[in-house]
Each structure stands twice: as structure tokens, then as C-alpha cells.
>>> print(open('work_17.cif').read())   # mmCIF, C-alpha atoms
data_final
#
loop_
_atom_site.group_PDB
_atom_site.id
_atom_site.type_symbol
_atom_site.label_atom_id
_atom_site.label_comp_id
_atom_site.auth_asym_id
_atom_site.auth_seq_id
_atom_site.Cartn_x
_atom_site.Cartn_y
_atom_site.Cartn_z
ATOM 1 C CA MET A 573 23.303 25.445 -6.840
ATOM 2 C CA SER A 574 21.098 24.005 -4.124
ATOM 3 C CA VAL A 575 17.451 24.970 -3.838
ATOM 4 C CA ALA A 576 18.043 26.657 -0.460
ATOM 5 C CA HIS A 577 20.360 29.237 -2.020
ATOM 6 C CA MET A 578 17.940 30.251 -4.749
ATOM 7 C CA SER A 579 16.046 33.512 -4.614
ATOM 8 C CA GLU A 580 12.289 33.522 -5.219
ATOM 9 C CA HIS A 581 12.874 34.669 -8.789
ATOM 10 C CA GLU A 582 15.465 31.991 -9.510
ATOM 11 C CA ARG A 583 13.230 29.292 -8.130
ATOM 12 C CA GLU A 584 10.398 30.447 -10.392
ATOM 13 C CA GLU A 585 12.696 30.383 -13.392
ATOM 14 C CA ALA A 586 13.908 26.884 -12.550
ATOM 15 C CA GLU A 587 10.310 25.724 -12.288
ATOM 16 C CA THR A 588 9.303 27.086 -15.717
ATOM 17 C CA ARG A 589 12.411 25.507 -17.136
ATOM 18 C CA GLU A 590 11.427 22.133 -15.663
ATOM 19 C CA GLN A 591 7.884 22.481 -16.982
ATOM 20 C CA ARG A 592 9.107 23.375 -20.455
ATOM 21 C CA ALA A 593 11.547 20.498 -20.359
ATOM 22 C CA LEU A 594 8.663 18.156 -19.520
ATOM 23 C CA GLY A 595 6.563 19.562 -22.358
ATOM 24 C CA PHE A 596 9.433 19.085 -24.781
ATOM 25 C CA TRP A 597 10.092 15.606 -23.399
ATOM 26 C CA LEU A 598 6.437 14.695 -24.163
ATOM 27 C CA TYR A 599 6.964 15.906 -27.737
ATOM 28 C CA LEU A 600 10.077 13.725 -28.003
ATOM 29 C CA MET A 601 8.130 10.706 -26.731
ATOM 30 C CA GLY A 602 5.567 11.341 -29.484
ATOM 31 C CA ASP A 603 8.403 11.514 -31.967
ATOM 32 C CA ALA A 604 9.745 8.223 -30.604
ATOM 33 C CA VAL A 605 6.361 6.601 -31.361
ATOM 34 C CA ILE A 606 6.510 7.952 -34.936
ATOM 35 C CA PHE A 607 9.999 6.529 -35.425
ATOM 36 C CA ALA A 608 9.017 3.189 -33.867
ATOM 37 C CA LEU A 609 6.133 2.840 -36.332
ATOM 38 C CA LEU A 610 8.352 3.824 -39.260
ATOM 39 C CA PHE A 611 10.815 1.142 -38.092
ATOM 40 C CA ALA A 612 7.978 -1.420 -37.940
ATOM 41 C CA THR A 613 6.777 -0.425 -41.421
ATOM 42 C CA TYR A 614 10.312 -0.731 -42.756
ATOM 43 C CA ALA A 615 10.856 -4.163 -41.174
ATOM 44 C CA ILE A 616 7.612 -5.430 -42.682
ATOM 45 C CA MET A 617 8.486 -3.977 -46.108
ATOM 46 C CA ILE A 618 12.014 -5.448 -46.327
ATOM 47 C CA PRO A 619 10.875 -8.381 -48.533
ATOM 48 C CA GLY A 620 8.755 -6.049 -50.717
ATOM 49 C CA THR A 621 11.441 -5.255 -53.264
ATOM 50 C CA ALA A 622 9.204 -5.860 -56.328
ATOM 51 C CA GLY A 623 12.131 -7.500 -58.124
ATOM 52 C CA GLY A 624 14.224 -4.368 -57.577
ATOM 53 C CA PRO A 625 17.451 -3.883 -55.632
ATOM 54 C CA THR A 626 17.713 -5.023 -52.008
ATOM 55 C CA GLY A 627 19.589 -3.439 -49.118
ATOM 56 C CA LYS A 628 22.618 -5.567 -49.924
ATOM 57 C CA ASP A 629 22.813 -4.094 -53.435
ATOM 58 C CA LEU A 630 22.394 -0.506 -52.270
ATOM 59 C CA PHE A 631 23.832 0.067 -48.792
ATOM 60 C CA ASP A 632 27.449 0.999 -48.154
ATOM 61 C CA LEU A 633 28.862 -0.078 -44.775
ATOM 62 C CA ASN A 634 31.615 2.570 -44.774
ATOM 63 C CA ASN A 635 29.136 5.356 -45.443
ATOM 64 C CA ALA A 636 26.886 4.191 -42.605
ATOM 65 C CA ALA A 637 29.899 3.875 -40.273
ATOM 66 C CA LEU A 638 31.074 7.390 -41.128
ATOM 67 C CA GLU A 639 27.567 8.779 -40.539
ATOM 68 C CA THR A 640 27.517 6.989 -37.175
ATOM 69 C CA VAL A 641 30.850 8.548 -36.184
ATOM 70 C CA LEU A 642 29.772 12.057 -37.209
ATOM 71 C CA LEU A 643 26.509 11.898 -35.271
ATOM 72 C CA LEU A 644 28.014 10.309 -32.158
ATOM 73 C CA VAL A 645 30.870 12.836 -31.995
ATOM 74 C CA SER A 646 28.373 15.658 -32.565
ATOM 75 C CA SER A 647 26.266 14.388 -29.671
ATOM 76 C CA THR A 648 29.366 14.500 -27.460
ATOM 77 C CA THR A 649 30.407 17.989 -28.616
ATOM 78 C CA PHE A 650 26.883 19.186 -27.867
ATOM 79 C CA GLY A 651 27.433 17.805 -24.372
ATOM 80 C CA PHE A 652 30.550 20.012 -24.133
ATOM 81 C CA ALA A 653 28.430 22.996 -25.214
ATOM 82 C CA SER A 654 25.943 22.170 -22.419
ATOM 83 C CA LEU A 655 28.805 22.028 -19.888
ATOM 84 C CA SER A 656 30.043 25.414 -21.123
ATOM 85 C CA VAL A 657 26.535 26.831 -20.568
ATOM 86 C CA ARG A 658 26.831 25.765 -16.933
ATOM 87 C CA THR A 659 30.200 27.483 -16.487
ATOM 88 C CA GLY A 660 28.852 30.554 -18.316
ATOM 89 C CA ASN A 661 31.578 30.515 -20.968
ATOM 90 C CA ARG A 662 29.860 32.198 -23.874
ATOM 91 C CA SER A 663 32.538 31.827 -26.552
ATOM 92 C CA ALA A 664 33.039 28.155 -25.643
ATOM 93 C CA VAL A 665 29.289 27.557 -26.072
ATOM 94 C CA ILE A 666 29.350 29.156 -29.521
ATOM 95 C CA GLY A 667 32.520 27.245 -30.431
ATOM 96 C CA TRP A 668 31.131 23.841 -29.455
ATOM 97 C CA LEU A 669 27.807 24.612 -31.164
ATOM 98 C CA ALA A 670 29.782 25.449 -34.333
ATOM 99 C CA VAL A 671 31.652 22.125 -34.133
ATOM 100 C CA THR A 672 28.354 20.295 -33.557
ATOM 101 C CA PHE A 673 26.847 22.100 -36.554
ATOM 102 C CA LEU A 674 29.727 21.102 -38.850
ATOM 103 C CA LEU A 675 29.535 17.444 -37.795
ATOM 104 C CA GLY A 676 25.739 17.433 -38.257
ATOM 105 C CA ALA A 677 26.092 19.120 -41.645
ATOM 106 C CA GLY A 678 28.620 16.449 -42.640
ATOM 107 C CA PHE A 679 26.085 13.800 -41.695
ATOM 108 C CA VAL A 680 23.348 15.421 -43.794
ATOM 109 C CA PHE A 681 25.782 15.770 -46.703
ATOM 110 C CA LEU A 682 26.611 12.022 -46.618
ATOM 111 C CA GLU A 683 22.925 11.142 -46.411
ATOM 112 C CA VAL A 684 21.902 13.401 -49.299
ATOM 113 C CA ARG A 685 24.771 11.995 -51.390
ATOM 114 C CA GLU A 686 23.620 8.447 -50.608
ATOM 115 C CA PHE A 687 20.005 9.276 -51.531
ATOM 116 C CA ALA A 688 21.079 11.014 -54.760
ATOM 117 C CA GLY A 689 23.240 8.031 -55.720
ATOM 118 C CA MET A 690 20.382 5.616 -55.129
ATOM 119 C CA ILE A 691 17.885 7.706 -57.100
ATOM 120 C CA ALA A 692 20.405 8.038 -59.970
ATOM 121 C CA LYS A 693 20.632 4.223 -60.029
ATOM 122 C CA GLY A 694 16.859 4.006 -60.413
ATOM 123 C CA ALA A 695 16.452 2.961 -56.779
ATOM 124 C CA GLY A 696 14.307 5.898 -55.666
ATOM 125 C CA PRO A 697 11.321 5.723 -53.318
ATOM 126 C CA ASP A 698 9.026 4.917 -56.279
ATOM 127 C CA ARG A 699 10.905 1.702 -57.172
ATOM 128 C CA SER A 700 9.422 -0.633 -54.525
ATOM 129 C CA GLY A 701 7.594 -0.769 -51.215
ATOM 130 C CA PHE A 702 10.923 -1.558 -49.565
ATOM 131 C CA LEU A 703 12.498 1.612 -50.954
ATOM 132 C CA SER A 704 9.434 3.734 -50.095
ATOM 133 C CA ALA A 705 9.757 2.586 -46.491
ATOM 134 C CA PHE A 706 13.533 3.141 -46.530
ATOM 135 C CA PHE A 707 13.331 6.708 -47.809
ATOM 136 C CA THR A 708 10.469 7.546 -45.439
ATOM 137 C CA LEU A 709 12.289 6.243 -42.357
ATOM 138 C CA VAL A 710 15.817 7.485 -43.064
ATOM 139 C CA GLY A 711 14.506 10.677 -44.706
ATOM 140 C CA THR A 712 12.377 11.536 -41.654
ATOM 141 C CA HIS A 713 15.480 11.245 -39.493
ATOM 142 C CA GLY A 714 17.461 13.364 -41.971
ATOM 143 C CA VAL A 715 14.801 16.086 -41.900
ATOM 144 C CA HIS A 716 14.973 16.078 -38.095
ATOM 145 C CA VAL A 717 18.758 16.529 -38.203
ATOM 146 C CA THR A 718 18.384 19.359 -40.746
ATOM 147 C CA MET A 719 15.859 21.095 -38.475
ATOM 148 C CA GLY A 720 18.307 20.593 -35.595
ATOM 149 C CA LEU A 721 21.020 22.339 -37.649
ATOM 150 C CA LEU A 722 18.707 25.291 -38.255
ATOM 151 C CA TRP A 723 17.926 25.388 -34.544
ATOM 152 C CA ILE A 724 21.668 25.362 -33.686
ATOM 153 C CA VAL A 725 22.217 28.371 -35.982
ATOM 154 C CA ILE A 726 19.339 30.296 -34.395
ATOM 155 C CA LEU A 727 20.442 29.585 -30.837
ATOM 156 C CA SER A 728 24.106 30.355 -31.620
ATOM 157 C CA ALA A 729 22.929 33.765 -32.824
ATOM 158 C CA GLN A 730 20.911 34.208 -29.616
ATOM 159 C CA VAL A 731 23.921 33.284 -27.463
ATOM 160 C CA ALA A 732 26.037 35.792 -29.415
ATOM 161 C CA LEU A 733 23.455 38.594 -29.294
ATOM 162 C CA LYS A 734 21.675 38.092 -25.961
ATOM 163 C CA GLY A 735 24.278 36.169 -24.004
ATOM 164 C CA LEU A 736 23.600 33.163 -21.789
ATOM 165 C CA THR A 737 20.405 34.526 -20.248
ATOM 166 C CA ALA A 738 18.050 32.143 -18.453
ATOM 167 C CA PRO A 739 15.638 31.838 -21.441
ATOM 168 C CA VAL A 740 18.507 31.191 -23.866
ATOM 169 C CA ALA A 741 20.048 28.583 -21.544
ATOM 170 C CA SER A 742 16.638 26.942 -21.190
ATOM 171 C CA ARG A 743 16.278 26.776 -25.003
ATOM 172 C CA LEU A 744 19.761 25.319 -25.323
ATOM 173 C CA TYR A 745 18.789 22.631 -22.838
ATOM 174 C CA ARG A 746 15.810 21.571 -24.982
ATOM 175 C CA LEU A 747 17.893 21.676 -28.167
ATOM 176 C CA GLY A 748 20.285 19.318 -26.371
ATOM 177 C CA LEU A 749 17.461 16.897 -25.610
ATOM 178 C CA PHE A 750 16.462 17.020 -29.284
ATOM 179 C CA TRP A 751 20.000 16.499 -30.580
ATOM 180 C CA HIS A 752 20.785 13.573 -28.253
ATOM 181 C CA PHE A 753 17.412 12.031 -29.121
ATOM 182 C CA LEU A 754 18.312 12.089 -32.825
ATOM 183 C CA ASP A 755 21.451 10.101 -32.100
ATOM 184 C CA ILE A 756 19.316 7.472 -30.350
ATOM 185 C CA ALA A 757 17.059 7.277 -33.424
ATOM 186 C CA TRP A 758 20.183 6.799 -35.555
ATOM 187 C CA VAL A 759 21.289 3.842 -33.396
ATOM 188 C CA GLY A 760 17.961 2.274 -34.388
ATOM 189 C CA ILE A 761 18.536 3.070 -38.058
ATOM 190 C CA PHE A 762 21.979 1.516 -38.367
ATOM 191 C CA SER A 763 20.927 -1.484 -36.241
ATOM 192 C CA ILE A 764 17.694 -2.175 -38.146
ATOM 193 C CA VAL A 765 18.358 -0.830 -41.643
ATOM 194 C CA TYR A 766 22.045 -0.835 -42.576
ATOM 195 C CA LEU A 767 23.653 -3.644 -40.564
ATOM 196 C CA PRO A 768 20.973 -6.346 -41.104
ATOM 197 C CA GLY A 769 20.660 -5.168 -44.730
ATOM 198 C CA LEU A 770 24.346 -5.871 -45.337
ATOM 199 C CA LEU A 771 24.481 -9.113 -43.391
ATOM 200 C CA MET B 861 30.517 19.153 -10.647
ATOM 201 C CA GLU B 862 31.817 20.266 -14.075
ATOM 202 C CA GLN B 863 34.459 17.554 -13.953
ATOM 203 C CA HIS B 864 31.743 15.095 -13.138
ATOM 204 C CA GLY B 865 29.713 16.293 -16.150
ATOM 205 C CA LEU B 866 32.665 16.008 -18.489
ATOM 206 C CA ARG B 867 33.425 12.501 -17.248
ATOM 207 C CA ASN B 868 29.809 11.505 -17.889
ATOM 208 C CA TYR B 869 29.944 12.561 -21.548
ATOM 209 C CA LEU B 870 33.311 10.877 -22.075
ATOM 210 C CA ILE B 871 32.180 7.596 -20.505
ATOM 211 C CA GLY B 872 29.038 7.713 -22.667
ATOM 212 C CA PHE B 873 31.106 8.401 -25.766
ATOM 213 C CA VAL B 874 33.542 5.527 -25.155
ATOM 214 C CA LEU B 875 30.741 3.053 -24.383
ATOM 215 C CA ALA B 876 28.814 4.145 -27.481
ATOM 216 C CA VAL B 877 31.942 3.702 -29.626
ATOM 217 C CA VAL B 878 32.500 0.174 -28.286
ATOM 218 C CA LEU B 879 28.829 -0.740 -28.777
ATOM 219 C CA SER B 880 28.966 0.553 -32.375
ATOM 220 C CA VAL B 881 32.316 -0.941 -33.352
ATOM 221 C CA ILE B 882 31.299 -4.472 -32.309
ATOM 222 C CA PRO B 883 28.244 -4.811 -34.620
ATOM 223 C CA PHE B 884 29.890 -2.918 -37.523
ATOM 224 C CA TRP B 885 32.982 -5.100 -37.246
ATOM 225 C CA LEU B 886 30.915 -8.298 -37.178
ATOM 226 C CA VAL B 887 29.030 -7.260 -40.323
ATOM 227 C CA ALA B 888 32.234 -6.170 -42.089
ATOM 228 C CA THR B 889 34.161 -9.383 -41.350
ATOM 229 C CA HIS B 890 31.316 -11.953 -41.283
ATOM 230 C CA ALA B 891 33.160 -13.431 -38.296
ATOM 231 C CA LEU B 892 30.019 -15.127 -36.958
ATOM 232 C CA PRO B 893 27.037 -16.857 -38.587
ATOM 233 C CA PRO B 894 24.293 -14.341 -39.626
ATOM 234 C CA GLN B 895 21.791 -15.418 -36.955
ATOM 235 C CA ARG B 896 24.245 -14.837 -34.140
ATOM 236 C CA THR B 897 25.447 -11.535 -35.646
ATOM 237 C CA LEU B 898 21.834 -10.361 -35.823
ATOM 238 C CA LEU B 899 21.354 -11.209 -32.151
ATOM 239 C CA ILE B 900 24.483 -9.279 -31.161
ATOM 240 C CA ILE B 901 23.398 -6.270 -33.295
ATOM 241 C CA GLY B 902 20.112 -6.260 -31.350
ATOM 242 C CA ILE B 903 21.736 -6.545 -27.932
ATOM 243 C CA ALA B 904 24.359 -3.863 -28.739
ATOM 244 C CA ALA B 905 21.589 -1.521 -29.975
ATOM 245 C CA VAL B 906 19.506 -1.890 -26.805
ATOM 246 C CA LEU B 907 22.585 -1.354 -24.627
ATOM 247 C CA GLN B 908 23.632 1.671 -26.649
ATOM 248 C CA VAL B 909 20.178 3.265 -26.327
ATOM 249 C CA LEU B 910 20.453 2.801 -22.544
ATOM 250 C CA VAL B 911 23.952 4.335 -22.589
ATOM 251 C CA HIS B 912 22.629 7.380 -24.482
ATOM 252 C CA LEU B 913 19.695 7.770 -22.076
ATOM 253 C CA ARG B 914 21.974 7.539 -19.055
ATOM 254 C CA PHE B 915 25.075 9.493 -20.102
ATOM 255 C CA PHE B 916 23.801 11.985 -22.733
ATOM 256 C CA LEU B 917 20.203 12.593 -21.600
ATOM 257 C CA HIS B 918 21.205 12.127 -17.933
ATOM 258 C CA LEU B 919 18.219 9.974 -17.043
ATOM 259 C CA ASN B 920 18.438 8.350 -13.630
ATOM 260 C CA PHE B 921 16.169 7.392 -10.778
ATOM 261 C CA THR B 922 17.134 10.206 -8.383
ATOM 262 C CA THR B 923 17.260 13.594 -10.152
ATOM 263 C CA THR B 924 15.055 12.962 -13.210
ATOM 264 C CA PRO B 925 11.458 14.147 -12.507
ATOM 265 C CA LYS B 926 9.055 11.268 -12.041
ATOM 266 C CA GLU B 927 6.756 12.597 -14.804
ATOM 267 C CA ASN B 928 9.546 12.270 -17.361
ATOM 268 C CA LEU B 929 10.272 8.674 -16.446
ATOM 269 C CA LEU B 930 6.561 7.885 -16.407
ATOM 270 C CA ALA B 931 6.179 9.367 -19.899
ATOM 271 C CA LEU B 932 9.115 7.260 -21.084
ATOM 272 C CA VAL B 933 7.686 4.038 -19.652
ATOM 273 C CA PHE B 934 4.242 4.837 -21.087
ATOM 274 C CA THR B 935 5.805 5.491 -24.507
ATOM 275 C CA ALA B 936 7.660 2.177 -24.332
ATOM 276 C CA LEU B 937 4.347 0.444 -23.584
ATOM 277 C CA LEU B 938 2.632 2.212 -26.518
ATOM 278 C CA ILE B 939 5.477 1.246 -28.832
ATOM 279 C CA PHE B 940 5.336 -2.344 -27.656
ATOM 280 C CA ILE B 941 1.574 -2.547 -28.335
ATOM 281 C CA MET B 942 1.660 -0.745 -31.692
ATOM 282 C CA VAL B 943 4.827 -2.294 -33.126
ATOM 283 C CA GLY B 944 4.040 -5.737 -31.697
ATOM 284 C CA GLY B 945 0.478 -5.500 -32.990
ATOM 285 C CA SER B 946 1.655 -4.433 -36.456
ATOM 286 C CA PHE B 947 3.997 -7.416 -36.686
ATOM 287 C CA TRP B 948 1.328 -9.788 -35.417
ATOM 288 C CA ILE B 949 -1.251 -8.618 -37.949
ATOM 289 C CA MET B 950 1.127 -8.423 -40.907
ATOM 290 C CA PHE B 951 2.764 -11.800 -40.365
ATOM 291 C CA ASP B 952 -0.607 -13.436 -39.770
ATOM 292 C CA LEU B 953 -1.883 -11.878 -42.992
ATOM 293 C CA HIS B 954 1.233 -13.027 -44.807
ATOM 294 C CA GLN B 955 0.657 -16.622 -43.607
ATOM 295 C CA ARG B 956 -2.973 -16.582 -44.750
ATOM 296 C CA MET B 957 -2.054 -15.165 -48.158
ATOM 297 C CA MET B 958 0.540 -17.886 -48.697
ATOM 298 C CA THR B 959 -1.702 -20.809 -47.827
#
>>> encode(input="work_17.cif", output="C-alpha cells")
Amino acid sequence: MSVAHMSEHEREEAETREQRALGFWLYLMGDAVIFALLFATYAIMIPGTAGGPTGKDLFDLNNAALETVLLLVSSTTFGFASLSVRTGNRSAVIGWLAVTFLLGAGFVFLEVREFAGMIAKGAGPDRSGFLSAFFTLVGTHGVHVTMGLLWIVILSAQVALKGLTAPVASRLYRLGLFWHFLDIAWVGIFSIVYLPGLL
Amino acid sequence: MEQHGLRNYLIGFVLAVVLSVIPFWLVATHALPPQRTLLIIGIAAVLQVLVHLRFFLHLNFTTTPKENLLALVFTALLIFIMVGGSFWIMFDLHQRMMT
């Protein structure tokens, strides 16, 4: 839709949407700074194992690869949901959001299982500075994904109950920014934590 | 337009897969010496972040509002100063503690 064809009301709505997108973008940039500093802390703490296990002893390449697949596919399926918002296909939006939710939930499940396994082996966050930094960094990302899952559930309900109204579509757009951003943070995690740890 | 959107996501997906498979494969097979593998992991990560920004977040120099790009560049600068500064201080401290 070109600007010339918009009514006054539509133009106003598009403007608020842009402003809200900018506000949310600023939040994401703040989040990016938090992640960057957690990455820096982790990198500095890698040698601080206090005689305990290192990344090589603890990390599992297959698990990290599977988590990568789940999150990347979920980012793509969220893209399909966004495209369905544009075509106004309500059931397709809900369907793709459901697929995205399942993939994200699978990711969280693998992460929680990994954490539980490490803690059971005595390699919890209290074991060494290295493990404190690991759990803080990867855990912060995991909490973000969990919040994203909650957000997907809420917005799916809104799409089902209210339909694809302008406010709902605008919220879905920001959820999309959030979800794609989390996949970018994960690229950092597997490239800085898991792969170098297993090298 | 919808076709165009779909193509964007699919291109992004395929590029991201390639840029993930390469570093994972190198670590799994130990095909190259560690130093070189580490370098490739770093390059693949930077490229993949750019792919995500371009094809999933749809950042570009024509339709993305200037404020958003400005915020991104400013954030990159902040990260460079804070992360770079942290490394500088911590490695310097490490050197002094060792000697």
C-alpha cells in the first residue's frame, strides 16, 4: 500500500506503529548491550575453572546443533506468520505461531535438560567463575526465549479473539523483532561458547 | 510483494544454514588446525548476524527509518567501547598479576 492511497486514519496508525517499532528497537539495542557484556564476561572467565570441568568436558556438539536448528527454523516460521499477517490470513497466522511456539519450546526443553545434566554432575553455576558466567549468559538467553513463548501464546489468543486488527498486527510485528533478535543472540552463543569450547 | 517476502525468508534461511553448518562441521571433524577453525567460526558468525539483520529483520538502507539504523550504529559503538575496554583492562590486569 503506497502512502498516497492511505486515508488520514490509516496514515496515523502507520505512524504510531513506526514510533512503537522504534521504541521497541531501542529496547532491543539495550538488550544487545547486555548480551555483549555477558559475552565479554564469559570470554574473560573461560580460564577461571577453579580446577573444575571445562567446556570440553561439559558441552555436547549435537545438542548445540539441534538447538541451533530449532531456533533457526522457528525464526523462519515466524517470518511465515508475519507474511500471513500481511495477507490477512488469520488461521495461517495462528498456525505458524503454533509451529514457532513448538520449536521454541523444544529449544527451551533441550536447554533445561542440558542445565539439569550439568548441575547433576556437580557442574552448576556455583562450581567456578567459568560456570557462573556460562549459566548467566546462556540462562539469560533462555529466559528471553521463555518470555517470547509466553508472548506468542498471548498474541495467538489475541489473533483468535480480536482478529488481525491494526493494534494486534502492530504487536505481532514487535514480537517478530524480538524473536528474530533472539536468534541473532544465539548465533553469538554457539560461536563464542559451544564451538570454541569444543575445539 | 508476498512472493518477494517469502523469497527473502527462504534466502535468509538457506544462508543461515550454510553459515552454521560450516563452523559446526569444522569443529566436529577437526578438519583444520584450531587457530584457523576459530577464525572461520568468527567470520561465519559475523556474516550470519548480517544475514539475519538483512533477511529476517529486513534492515536496509532505503526503507529502514534512519533513526533505527542510527541506534544500531550507536549500539555497535557502545559495545565496541565497553567490550573492548573490558578486555583491555582484564588482560592488562592479568599480565600484571602474573609478573
>>> interface_residues(input="work_17.cif", of="chain A", to="chain B", cutoff="8 Å", atoms="all atoms listed in the file", output="number ranges by chain")
A: 594, 597-598, 601-602, 604-605, 608-609, 612, 616, 633, 637, 644-645, 647-648, 651-652, 655, 658-659, 749, 752, 756, 759-760, 763, 767-768, 770-771
>>> residues_around(input="work_17.cif", residues="Leu703 of chain A", least_positions_apart="2", cutoff="9 Å", atoms="all atoms listed in the file", output="PyMOL selection string")
chain A and resi 614+617-618+620-621+625-627+695-701+705-708
>>> resolve_selection(input="work_17.cif", expression="the PyMOL selection byres ((chain A and resi 730-733) around 12)", output="PyMOL selection string")
chain A and resi 653+656-657+660-667+669-670+723-729+734-744
>>> axis_aligned_box(input="work_17.cif", around="segment 869-879 of chain B", padding_each_side="8 Å", output="JSON")
{"center_x": 31.2, "center_y": 5.9, "center_z": -25.1, "size_x": 20.7, "size_y": 29.3, "size_z": 25.1}
>>> resolve_selection(input="work_17.cif", expression="the PyMOL selection byres ((chain A and resi 686-693) around 9)", output="list in words")
Leu630, Phe631, Asp632, Asn635, Phe681, Leu682, Glu683, Val684, Arg685, Gly694, Ala695, Gly696, Pro697, Phe707 and Gly711 of chain A
>>> atom_distance(input="work_17.cif", atom1="atom CA of Phe673 of chain A", atom2="atom CA of Ile761 of chain A")
20.8 Å
>>> atom_distance(input="work_17.cif", atom1="atom CA of Gly769 of chain A", atom2="atom CA of Val715 of chain A")
22.2 Å
>>> resolve_selection(input="work_17.cif", expression="the PyMOL selection byres ((chain A and resi 713) around 10)", output="number ranges by chain")
A: 607, 680, 707-712, 714-719, 754-755, 757-758, 761
>>> atom_distance(input="work_17.cif", atom1="atom CA of Thr640 of chain A", atom2="atom CA of Leu722 of chain A")
20.3 Å
